[in-house]
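K.L.:
Dropping the structure in here first, questions after.
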Amino acid sequence: MSSTINKCLFPVAGYGTRFLPATKAMPKEMLPILTKPLIQYGVEEAVAAGMTQMAFITGRGKRAIEDHFDTSYELEHQIKGTDKEPLLDGIRGLIDKCSFAYTRQIEMRGLGDAIMEGGKLIGDEAFGVILADDLCTNGNECVMSQMAKLYEEHNCCIVAIEDVPEQDVSSYGIIEGEQIADGVFKVLNMVEKPKPEDAPSNMGIIGRYILTPDIFDVLRNTPLGKNGELQITDALNTLAKQGKVMAYRFKGRRFDCGSVSGFVAATNYFYEKTLQEKS
Ligand code: G1P
């Protein structure tokens, strides 16, 4: 199996109900932190990790994402040669470097179901998964790059984790693991959104995964789990029992931009950073 990862999957079909009414007619992934939509941060991270083929699991009402990763002739014609033109350099660079493929999740049956749908765009190779509302930042090396490096070494599924407050474990997939190197765990068990009293630890999975293509078969054979949805955590647990999943305590910072407080924290963080870079 080739160990270089080229494809990254972006499940973007979710409704974003926590941001209503803003997300009534606009995908939550298009909410901007400063001037850049969340999804663009995600794609930039994938590119920084060496991936060039972006695959989106979309749904109804998500057309703005496709339009964002496309040329906007009228607008670009209007601002050509003006001081506004450089504002599009970043997105144009991504469009030049990457391919973008889309498939729709017809019914919302959970993250596992979305990833299973993505199988059509991935084929038989390992791939990254980025949940764009988890916005990650790290000075030198982005989280997906750190994970891709680890994948080169271990050739197995990897989930990014961070320690979460005990009262919040019921919002995450939680792992139980055995530390095999600094920040690297062999996963022994994982549970989707357990009650605090049932949680095997407080190590929560965040929205960064590297998955091997055997996950698709496992997903097809995984029963519905928490909230009646097909959970990626349950499918990964099957592979974990075969010693094929690692967890990685990433270096950097993650903002839960699926929540208003996390979104505001990310906005403040990136704004401060911009001010510092200017001074
Ligand atoms: C999903 C996963 C969960 C993971 C989380 C990370 O949950 O099911 O295991 O911890 O993403 O953001 P969601 O937040 O989509 O409910």
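Labels for the structure tokens follow display order: chains A, B, ..., residues from 1 in each chain, ligands from 1.
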Which chain A residues have any atom within 7 Å of an atom of ligand 1, and for each, what is the nearest pair of atoms with distance in Å to one decimal, counting only C-alpha atoms and all ligand atoms, rows sorted by chain and number, as a tab-separated table?
P.N.:
```
residue	atom	partner	partner_atom_place_in_ligand_line	distance
A:Leu111	CA	ligand 1	8 (O)	6.0
A:Leu131	CA	ligand 1	12 (O)	6.8
A:Asp134	CA	ligand 1	12 (O)	6.1
A:Ser171	CA	ligand 1	10 (O)	6.6
A:Tyr172	CA	ligand 1	10 (O)	3.4
A:Gly173	CA	ligand 1	9 (O)	3.3
A:Ile174	CA	ligand 1	10 (O)	6.9
A:Glu192	CA	ligand 1	9 (O)	5.4
A:Lys193	CA	ligand 1	9 (O)	6.7
A:Gly204	CA	ligand 1	10 (O)	5.7
A:Ile205	CA	ligand 1	10 (O)	4.1
A:Ile206	CA	ligand 1	6 (C)	3.9
A:Gly207	CA	ligand 1	6 (C)	4.4
A:Gln231	CA	ligand 1	8 (O)	6.1
A:Ile232	CA	ligand 1	8 (O)	6.4
A:Thr233	CA	ligand 1	9 (O)	5.6
```
K.L.:
Those residues you just picked out, can you put them in a file as a short mmCIF file (atom, residue, chain, number, x, y, z; two decimals), in the first residue's frame with N, CA and C atoms?
P.N.:
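Below is the file result-v3.cif, written as the result:
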```cif
data_model
loop_
_atom_site.label_atom_id
_atom_site.label_comp_id
_atom_site.auth_asym_id
_atom_site.auth_seq_id
_atom_site.Cartn_x
_atom_site.Cartn_y
_atom_site.Cartn_z
N LEU A 111 -22.11 10.74 11.12
CA LEU A 111 -20.79 10.94 10.53
C LEU A 111 -20.28 9.67 9.85
N LEU A 131 -13.14 17.72 9.89
CA LEU A 131 -14.43 18.34 10.22
C LEU A 131 -14.16 19.83 10.38
N ASP A 134 -14.15 22.09 13.53
CA ASP A 134 -13.02 22.04 14.46
C ASP A 134 -11.87 22.76 13.77
N SER A 171 -19.87 14.87 24.78
CA SER A 171 -19.95 15.54 23.47
C SER A 171 -18.95 14.96 22.48
N TYR A 172 -18.18 13.96 22.89
CA TYR A 172 -17.07 13.48 22.05
C TYR A 172 -17.04 11.95 21.96
N GLY A 173 -16.34 11.47 20.94
CA GLY A 173 -15.89 10.09 20.97
C GLY A 173 -14.72 10.05 21.95
N ILE A 174 -14.74 9.08 22.86
CA ILE A 174 -13.70 9.02 23.90
C ILE A 174 -12.90 7.73 23.72
N GLU A 192 -18.61 6.30 21.73
CA GLU A 192 -19.18 7.56 21.23
C GLU A 192 -20.01 8.22 22.33
N LYS A 193 -19.65 9.43 22.65
CA LYS A 193 -20.39 10.31 23.56
C LYS A 193 -20.92 9.59 24.82
N GLY A 204 -10.66 13.03 24.28
CA GLY A 204 -11.73 13.19 23.30
C GLY A 204 -11.18 13.26 21.88
N ILE A 205 -11.93 12.65 20.96
CA ILE A 205 -11.54 12.69 19.54
C ILE A 205 -11.98 14.04 18.98
N ILE A 206 -11.09 14.69 18.27
CA ILE A 206 -11.49 15.94 17.60
C ILE A 206 -11.58 15.67 16.09
N GLY A 207 -11.99 16.67 15.35
CA GLY A 207 -12.34 16.42 13.94
C GLY A 207 -11.19 16.28 12.98
N GLN A 231 -22.08 5.55 13.54
CA GLN A 231 -20.99 6.30 14.17
C GLN A 231 -19.63 5.82 13.67
N ILE A 232 -18.80 6.76 13.26
CA ILE A 232 -17.44 6.41 12.85
C ILE A 232 -16.67 5.84 14.04
N THR A 233 -16.99 6.33 15.23
CA THR A 233 -16.32 5.84 16.44
C THR A 233 -16.55 4.33 16.60
#
```
K.L.:
If you run DSSP over the backbone, which residues in stretch 55-257 of chain A end up alpha helix (DSSP H)? Put them as a ChimeraX atom specification.
P.N.:
/A:63-68,73-79,89-97,111-122,143-154,214-220,232-240
K.L.:
If we count only C-alpha atoms, what is near stretch 43-56 of chain A at a cut-off of 8 Å, once residues fewer than 5 positions away on the same chain are taken out, given as a count of residues only?
P.N.:
27
K.L.:
Return the single residue from A:Val169, A:Leu219, A:Cys157, A:Ile115 that is closest to A:Ser201, with distances computed using only C-alpha atoms.
P.N.:
A:Val169
K.L.:
Near A:Tyr269, within 12 Å and counting only C-alpha atoms, which residues show up once chain neighbours fewer than 4 positions away are dropped, as a PDB file with C-alpha atoms, in the first residue's frame?
P.N.:
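Saved the output as around09.pdb:
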```
ATOM      1  CA  ILE A  33     -13.327  33.533  10.985  1.00  0.00           C
ATOM      2  CA  LEU A  34     -12.273  37.067  10.042  1.00  0.00           C
ATOM      3  CA  LEU A 135     -10.571  24.767  13.507  1.00  0.00           C
ATOM      4  CA  CYS A 136      -7.008  23.781  14.361  1.00  0.00           C
ATOM      5  CA  THR A 137      -3.956  25.954  14.370  1.00  0.00           C
ATOM      6  CA  ARG A 253      -4.791  24.532  19.470  1.00  0.00           C
ATOM      7  CA  ARG A 254      -8.301  23.611  18.437  1.00  0.00           C
ATOM      8  CA  PHE A 255     -11.376  25.781  18.474  1.00  0.00           C
ATOM      9  CA  GLY A 262     -15.598  28.471  20.359  1.00  0.00           C
ATOM     10  CA  PHE A 263     -16.376  30.506  17.271  1.00  0.00           C
ATOM     11  CA  VAL A 264     -15.914  33.768  19.174  1.00  0.00           C
ATOM     12  CA  ALA A 265     -12.683  32.481  20.773  1.00  0.00           C
ATOM     13  CA  LYS A 273      -2.704  37.264  15.563  1.00  0.00           C
ATOM     14  CA  THR A 274      -3.356  39.533  12.581  1.00  0.00           C
ATOM     15  CA  LEU A 275      -2.733  42.618  14.724  1.00  0.00           C
ATOM     16  CA  GLN A 276       0.550  41.160  15.986  1.00  0.00           C
TER      17      GLN A 276
END
```
K.L.:
Report, in Å to a single decimal, how far apart atom CA of A:Gly61 and atom CA of A:Pro32 are.
P.N.:
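Going from atom CA of A:Pro32 over to atom CA of A:Gly61 covers 17.2 Å.
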K.L.:
List every residue of stretch 208-270 of chain A that DSSP, applied to the backbone of this structure, assigns to strand (DSSP E), and report them as a VMD selection string.
P.N.:
chain A and resid 208 to 211 245 to 249 253 to 256
K.L.:
Find, counting only C-alpha atoms, the residue in A:Tyr41, A:Leu20, A:Ile180, A:Val191 that gets nearest to A:Gly90.
P.N.:
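Looking only at the distances to A:Gly90, the closest residue turns out to be A:Tyr41.
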K.L.:
For a quick check of understanding, using only C-alpha atoms, which of A:Gln78, A:Thr35, A:Gln242, A:Thr17 has the smallest distance to A:Thr267?
P.N.:
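Smallest distance to A:Thr267 is found for A:Thr35.
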K.L.:
Please provide the set of residues having any atom within 6 Å of stretch 175-178 of chain A, restricted to only C-alpha atoms, with same-chain residues fewer than 2 positions apart removed, written as a ChimeraX atom specification.
P.N.:
/A:185-190,200,203
K.L.:
Mind checking which residues fall within 12 Å of A:Gly112, counting only C-alpha atoms, ignoring those fewer than 5 positions away in the same chain, and posting them as a ChimeraX atom specification?
P.N.:
/A:11,57,105,117-119,129,192,211,215-226,228-236
K.L.:
Got time to write the residues from that selection, N, CA and C atoms, as a PDB file, in the first residue's frame?
P.N.:
```
ATOM      1  N   PRO A  11     -16.806  16.010   5.471  1.00  0.00           N
ATOM      2  CA  PRO A  11     -18.261  15.840   5.646  1.00  0.00           C
ATOM      3  C   PRO A  11     -18.874  17.205   5.950  1.00  0.00           C
ATOM      4  N   ILE A  57     -18.640  15.621   1.191  1.00  0.00           N
ATOM      5  CA  ILE A  57     -19.958  15.000   1.313  1.00  0.00           C
ATOM      6  C   ILE A  57     -20.905  16.136   1.644  1.00  0.00           C
ATOM      7  N   GLN A 105     -24.964  13.409   0.609  1.00  0.00           N
ATOM      8  CA  GLN A 105     -25.546  12.491   1.580  1.00  0.00           C
ATOM      9  C   GLN A 105     -27.055  12.746   1.520  1.00  0.00           C
ATOM     10  N   GLU A 117     -20.514   7.195   2.533  1.00  0.00           N
ATOM     11  CA  GLU A 117     -20.879   7.788   1.229  1.00  0.00           C
ATOM     12  C   GLU A 117     -19.636   8.276   0.493  1.00  0.00           C
ATOM     13  N   GLY A 118     -18.685   8.816   1.281  1.00  0.00           N
ATOM     14  CA  GLY A 118     -17.457   9.360   0.696  1.00  0.00           C
ATOM     15  C   GLY A 118     -16.608   8.291   0.038  1.00  0.00           C
ATOM     16  N   GLY A 119     -16.875   7.043   0.370  1.00  0.00           N
ATOM     17  CA  GLY A 119     -16.129   5.933  -0.215  1.00  0.00           C
ATOM     18  C   GLY A 119     -16.109   5.998  -1.743  1.00  0.00           C
ATOM     19  N   VAL A 129      -9.613  12.939   7.019  1.00  0.00           N
ATOM     20  CA  VAL A 129     -10.957  13.487   7.227  1.00  0.00           C
ATOM     21  C   VAL A 129     -10.805  14.747   8.075  1.00  0.00           C
ATOM     22  N   GLU A 192     -18.607   6.305  21.733  1.00  0.00           N
ATOM     23  CA  GLU A 192     -19.176   7.563  21.234  1.00  0.00           C
ATOM     24  C   GLU A 192     -20.012   8.221  22.328  1.00  0.00           C
ATOM     25  N   LEU A 211      -7.825   7.650   7.838  1.00  0.00           N
ATOM     26  CA  LEU A 211      -8.502   6.349   7.807  1.00  0.00           C
ATOM     27  C   LEU A 211      -7.957   5.499   6.662  1.00  0.00           C
ATOM     28  N   ILE A 215     -11.961   0.740   6.355  1.00  0.00           N
ATOM     29  CA  ILE A 215     -13.034   1.316   7.177  1.00  0.00           C
ATOM     30  C   ILE A 215     -14.390   1.219   6.460  1.00  0.00           C
ATOM     31  N   PHE A 216     -14.395   1.256   5.122  1.00  0.00           N
ATOM     32  CA  PHE A 216     -15.671   1.269   4.396  1.00  0.00           C
ATOM     33  C   PHE A 216     -16.441  -0.038   4.590  1.00  0.00           C
ATOM     34  N   ASP A 217     -15.719  -1.140   4.521  1.00  0.00           N
ATOM     35  CA  ASP A 217     -16.361  -2.443   4.760  1.00  0.00           C
ATOM     36  C   ASP A 217     -16.870  -2.539   6.188  1.00  0.00           C
ATOM     37  N   VAL A 218     -16.034  -2.081   7.109  1.00  0.00           N
ATOM     38  CA  VAL A 218     -16.424  -2.138   8.518  1.00  0.00           C
ATOM     39  C   VAL A 218     -17.675  -1.283   8.735  1.00  0.00           C
ATOM     40  N   LEU A 219     -17.692  -0.092   8.145  1.00  0.00           N
ATOM     41  CA  LEU A 219     -18.865   0.784   8.298  1.00  0.00           C
ATOM     42  C   LEU A 219     -20.134   0.104   7.795  1.00  0.00           C
ATOM     43  N   ARG A 220     -20.012  -0.597   6.651  1.00  0.00           N
ATOM     44  CA  ARG A 220     -21.191  -1.269   6.080  1.00  0.00           C
ATOM     45  C   ARG A 220     -21.742  -2.327   7.032  1.00  0.00           C
ATOM     46  N   ASN A 221     -20.872  -2.829   7.902  1.00  0.00           N
ATOM     47  CA  ASN A 221     -21.304  -3.884   8.825  1.00  0.00           C
ATOM     48  C   ASN A 221     -21.481  -3.410  10.260  1.00  0.00           C
ATOM     49  N   THR A 222     -21.490  -2.098  10.437  1.00  0.00           N
ATOM     50  CA  THR A 222     -21.629  -1.552  11.794  1.00  0.00           C
ATOM     51  C   THR A 222     -23.087  -1.175  12.050  1.00  0.00           C
ATOM     52  N   PRO A 223     -23.666  -1.671  13.162  1.00  0.00           N
ATOM     53  CA  PRO A 223     -25.057  -1.294  13.452  1.00  0.00           C
ATOM     54  C   PRO A 223     -25.158   0.174  13.869  1.00  0.00           C
ATOM     55  N   LEU A 224     -26.355   0.734  13.750  1.00  0.00           N
ATOM     56  CA  LEU A 224     -26.555   2.115  14.186  1.00  0.00           C
ATOM     57  C   LEU A 224     -26.229   2.218  15.665  1.00  0.00           C
ATOM     58  N   GLY A 225     -25.656   3.339  16.048  1.00  0.00           N
ATOM     59  CA  GLY A 225     -25.234   3.505  17.444  1.00  0.00           C
ATOM     60  C   GLY A 225     -25.899   4.687  18.103  1.00  0.00           C
ATOM     61  N   LYS A 226     -25.127   5.455  18.823  1.00  0.00           N
ATOM     62  CA  LYS A 226     -25.631   6.612  19.572  1.00  0.00           C
ATOM     63  C   LYS A 226     -26.573   7.465  18.711  1.00  0.00           C
ATOM     64  N   GLY A 228     -29.155   6.733  17.212  1.00  0.00           N
ATOM     65  CA  GLY A 228     -29.695   6.063  16.031  1.00  0.00           C
ATOM     66  C   GLY A 228     -28.903   6.349  14.769  1.00  0.00           C
ATOM     67  N   GLU A 229     -27.651   6.799  14.919  1.00  0.00           N
ATOM     68  CA  GLU A 229     -26.830   7.149  13.748  1.00  0.00           C
ATOM     69  C   GLU A 229     -25.679   6.167  13.583  1.00  0.00           C
ATOM     70  N   LEU A 230     -25.172   6.104  12.352  1.00  0.00           N
ATOM     71  CA  LEU A 230     -23.993   5.273  12.095  1.00  0.00           C
ATOM     72  C   LEU A 230     -22.762   6.068  12.539  1.00  0.00           C
ATOM     73  N   GLN A 231     -22.083   5.547  13.542  1.00  0.00           N
ATOM     74  CA  GLN A 231     -20.992   6.302  14.166  1.00  0.00           C
ATOM     75  C   GLN A 231     -19.629   5.816  13.670  1.00  0.00           C
ATOM     76  N   ILE A 232     -18.802   6.764  13.258  1.00  0.00           N
ATOM     77  CA  ILE A 232     -17.443   6.410  12.848  1.00  0.00           C
ATOM     78  C   ILE A 232     -16.671   5.844  14.043  1.00  0.00           C
ATOM     79  N   THR A 233     -16.994   6.331  15.232  1.00  0.00           N
ATOM     80  CA  THR A 233     -16.319   5.837  16.440  1.00  0.00           C
ATOM     81  C   THR A 233     -16.554   4.331  16.599  1.00  0.00           C
ATOM     82  N   ASP A 234     -17.790   3.863  16.348  1.00  0.00           N
ATOM     83  CA  ASP A 234     -18.098   2.434  16.496  1.00  0.00           C
ATOM     84  C   ASP A 234     -17.330   1.608  15.471  1.00  0.00           C
ATOM     85  N   ALA A 235     -17.267   2.108  14.232  1.00  0.00           N
ATOM     86  CA  ALA A 235     -16.540   1.367  13.189  1.00  0.00           C
ATOM     87  C   ALA A 235     -15.052   1.317  13.532  1.00  0.00           C
ATOM     88  N   LEU A 236     -14.532   2.437  13.980  1.00  0.00           N
ATOM     89  CA  LEU A 236     -13.106   2.457  14.347  1.00  0.00           C
ATOM     90  C   LEU A 236     -12.834   1.527  15.519  1.00  0.00           C
TER      91      LEU A 236
END
```
K.L.:
Set the distance at 12 Å and use only C-alpha atoms: which residues neighbour A:Glu153 once local chain neighbours fewer than 6 positions away are removed? I'd like the list as a list in words.
P.N.:
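Surrounding residues, per the criterion: Ser3, Thr4, Gln146, Met147, Val184 and Met246 of chain A.
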K.L.:
Take the residues from that selection and write them out as a short mmCIF file (atom, residue, chain, number, x, y, z; two decimals), in the first residue's frame, keeping C-alpha atoms.
P.N.:
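Final output, out.cif:
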```
data_model
loop_
_atom_site.label_atom_id
_atom_site.label_comp_id
_atom_site.auth_asym_id
_atom_site.auth_seq_id
_atom_site.Cartn_x
_atom_site.Cartn_y
_atom_site.Cartn_z
CA SER A 3 1.79 5.49 2.25
CA THR A 4 1.34 8.94 0.80
CA GLN A 146 1.58 15.82 12.09
CA MET A 147 -0.87 12.96 11.59
CA VAL A 184 0.89 8.51 20.72
CA MET A 246 -3.84 4.95 17.03
#
```
K.L.:
Tell me which of A:Lys278, A:Lys24, A:Lys84, A:Arg249 sits closest to A:Val159, counting only C-alpha atoms.
P.N.:
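Under the stated criterion, the closest residue is A:Arg249.
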K.L.:
Which distance in Å separates atom CA of A:Met30 and atom CA of A:Pro165, to one decimal?
P.N.:
28.3 Å
K.L.:
From the list A:Arg60, A:Arg104, A:Arg18, A:His68, which residue is nearest A:Leu38 when using only C-alpha atoms?
P.N.:
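Using only C-alpha atoms, A:Leu38 sits closest to A:His68.
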K.L.:
Let me make sure I understand: among A:Thr212, A:Thr82, A:Gln179, A:Gln40, which one has the smallest atom-to-atom distance to A:Ala126 if we use only C-alpha atoms?
P.N.:
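Selected residue with least distance to A:Ala126: A:Thr212.
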